[in-house]
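Here is the structure we will look at.
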Amino acid sequence: MAQRLSTAEEYEALLEKHDTWLFDCDGVLWKGDHVIEGVTQVLDLLRRRNKKVVFVTNNATKSRKTLLAKFKDLGVQAHVDEVYGSAYTAAVYISTVLALPKHLKVYVIGQSGLEEELHAEGIQTLGGTDPADNTLAPFNLNPESWKPDPDVAAVVCGLDTKVNYTKLSKAFAYAQKEGCHFIATNTDSTYPSSYGLLPGAGSISAPLRYALGKDPVVCGKPSGTMLDVIKAKIHFDPARTIMVGDRLNTDIEFGKHGGLATLLVLTGITAESDITGPNASPTVPDYVVQSLGDLRLADKA
């Protein structure tokens, strides 16, 4: 059963037990373009106590550089080497784990942030923001209308707010090829905007999963791929590390799979009814707080 934290003494004890803090962003630090009350004070408190702070987000629409700009705009301190997004993880997976030869290409369903991370790893891309693929015109496989690029060796799918039948059809055609890798930045079914939930990257890749009859390699939470990338860059002791998130099936599962302690906040996706009562999720966090901002009371313990 999760431990509910509500007093300054309980918050202080949590801080004492953990040296490295991994944070989801949407629904934990901010909602849309609004910082959640008290978050900046909590992050300042952690830094003053020499805790390692790492930001781990499934947001694949933004590169780390663009994410860093959002942190700055919202007044949240962060450094580029502290930020890990699923777009970056997907790019590192392709360049390092798959070791995709430089002459081969990746077909992208996604936005500029995903393309930026792929290009930074020296990976050539098709699709994505290419105006030729951002069309509502009918699509067909007539060779006079479209000739597949024989050098495409992987399909990567992230959140794409301009997804259309042309992109899905081309991705499907490429992913059917023998040896072509099918990769998803993340499989979040939804994401929290300033004014409510919207379909997430998992909802964009779902038609491909259904059409292909197979699941992609997933690079974002809860996959261990993202934690492997973090471990390659940052040294930390899992026994003294905690994952803070708002979503049970990504953030909390991610922490549990990695042997980390987990803290659930109720400012994002997960509601009280998801963790209590007859319909409660089988995924149980170690700790629960109403908001990350509540931890600032530890200074008063």
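Ordering of the structure tokens sets the chain letters (A, B, ...); residue numbers start at 1 within each chain; ligands are numbered from 1 in the order shown.
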**OP:** Would you list, as a ChimeraX atom specification, the residues of segment 36-281 of chain A that end up in helix (DSSP H, G or I) under DSSP run on this structure's backbone?
**Re:** /A:39-48,64-73,80-82,86-97,112-120,165-175,201-212,224-233,238-240,248-257,272-274
Subject >> Selection: 8 Å around segment 172-176 of chain A, only C-alpha atoms, excl. self and same-chain fewer than 6 positions, as a ChimeraX atom specification >> reply: /A:107,148,152-155,182,208,211-212
Would you mind exporting the chosen residues as a PDB file, in the first residue's frame, restricted to N, CA, C and O atoms?
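Wrote it out as selection.pdb, contents follow:
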ATOM      1  N   TYR A 107      12.033   6.889 -41.562  1.00  0.00           N
ATOM      2  CA  TYR A 107      10.787   7.583 -41.871  1.00  0.00           C
ATOM      3  C   TYR A 107      10.141   7.984 -40.549  1.00  0.00           C
ATOM      4  O   TYR A 107       9.999   7.162 -39.632  1.00  0.00           O
ATOM      5  N   PRO A 148       8.736   4.429 -53.080  1.00  0.00           N
ATOM      6  CA  PRO A 148       9.395   4.266 -51.775  1.00  0.00           C
ATOM      7  C   PRO A 148      10.908   4.410 -51.893  1.00  0.00           C
ATOM      8  O   PRO A 148      11.510   4.003 -52.888  1.00  0.00           O
ATOM      9  N   VAL A 152      15.269   3.494 -46.649  1.00  0.00           N
ATOM     10  CA  VAL A 152      14.589   3.601 -45.352  1.00  0.00           C
ATOM     11  C   VAL A 152      14.702   2.267 -44.617  1.00  0.00           C
ATOM     12  O   VAL A 152      14.275   1.229 -45.122  1.00  0.00           O
ATOM     13  N   ALA A 153      15.290   2.319 -43.421  1.00  0.00           N
ATOM     14  CA  ALA A 153      15.528   1.096 -42.650  1.00  0.00           C
ATOM     15  C   ALA A 153      14.828   1.108 -41.300  1.00  0.00           C
ATOM     16  O   ALA A 153      14.948   0.151 -40.532  1.00  0.00           O
ATOM     17  N   ALA A 154      14.118   2.196 -41.004  1.00  0.00           N
ATOM     18  CA  ALA A 154      13.399   2.270 -39.728  1.00  0.00           C
ATOM     19  C   ALA A 154      12.247   3.256 -39.842  1.00  0.00           C
ATOM     20  O   ALA A 154      12.308   4.221 -40.618  1.00  0.00           O
ATOM     21  N   VAL A 155      11.208   2.999 -39.071  1.00  0.00           N
ATOM     22  CA  VAL A 155      10.072   3.910 -38.927  1.00  0.00           C
ATOM     23  C   VAL A 155      10.002   4.304 -37.462  1.00  0.00           C
ATOM     24  O   VAL A 155      10.010   3.438 -36.575  1.00  0.00           O
ATOM     25  N   PHE A 182      10.622  -0.956 -36.421  1.00  0.00           N
ATOM     26  CA  PHE A 182       9.422  -0.205 -36.056  1.00  0.00           C
ATOM     27  C   PHE A 182       9.615   0.282 -34.617  1.00  0.00           C
ATOM     28  O   PHE A 182       9.701  -0.518 -33.686  1.00  0.00           O
ATOM     29  N   LEU A 208      -0.855   1.980 -36.663  1.00  0.00           N
ATOM     30  CA  LEU A 208       0.237   1.195 -37.252  1.00  0.00           C
ATOM     31  C   LEU A 208       0.381  -0.149 -36.547  1.00  0.00           C
ATOM     32  O   LEU A 208       0.568  -1.183 -37.195  1.00  0.00           O
ATOM     33  N   ALA A 211      -2.460  -2.252 -37.852  1.00  0.00           N
ATOM     34  CA  ALA A 211      -2.302  -2.640 -39.254  1.00  0.00           C
ATOM     35  C   ALA A 211      -1.159  -3.629 -39.448  1.00  0.00           C
ATOM     36  O   ALA A 211      -1.266  -4.577 -40.246  1.00  0.00           O
ATOM     37  N   LEU A 212      -0.073  -3.432 -38.720  1.00  0.00           N
ATOM     38  CA  LEU A 212       1.096  -4.298 -38.865  1.00  0.00           C
ATOM     39  C   LEU A 212       0.955  -5.601 -38.083  1.00  0.00           C
ATOM     40  O   LEU A 212       1.635  -6.587 -38.379  1.00  0.00           O
TER      41      LEU A 212
END
List as a Markdown table every residue of segment 34-67 of chain A that is in contact with segment 89-102 of chain A, defined as an atom at most 12 Å from one of its atoms (using only C-alpha atoms), together with the nearest atom pair and the distance in Å rounded to one decimal, sorted by chain and then rising number.
| residue | atom | partner | partner_atom | distance |
| --- | --- | --- | --- | --- |
| A:Val56 | CA | A:Thr89 | CA | 10.2 |
| A:Thr57 | CA | A:Thr89 | CA | 10.2 |
| A:Asn58 | CA | A:Thr89 | CA | 9.5 |
| A:Asn59 | CA | A:Thr89 | CA | 10.9 |
| A:Ala60 | CA | A:Ala90 | CA | 9.1 |
| A:Ser63 | CA | A:Thr89 | CA | 10.4 |
| A:Arg64 | CA | A:Thr89 | CA | 10.4 |
Original post:
What lies within 7 Å of Ile109 of chain A using only C-alpha atoms, ignoring chain neighbours under 6 positions off, as a PyMOL selection string?
Top reply: chain A and resi 127-128+156-158+160+167
Subject >> Test item: residues at most 8 Å from Asp251 of chain A, only C-alpha atoms, excluding those fewer than 4 positions along its chain, as number ranges by chain >> reply: A: 24, 221-222, 243-247, 255
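Here the question is which of A:Glu37, A:Asp215, A:Asp228, A:Asp237 gets nearest to Ser291 of chain A using only C-alpha atoms, and that residue is A:Glu37.
Atom CA of Asp73 of chain A is found 10.2 Å from atom CA of Val35 of chain A.
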**OP:** Mind the document's chain letters and residue numbers, and return as number ranges by chain the residues of segment 12-254 of chain A that DSSP labels strand (DSSP E or B).
**Re:** A: 20-23, 26, 30-31, 34-35, 52-57, 83-85, 105-109, 124-127, 152-157, 181-184, 190-193, 196-199, 217-218, 241-245
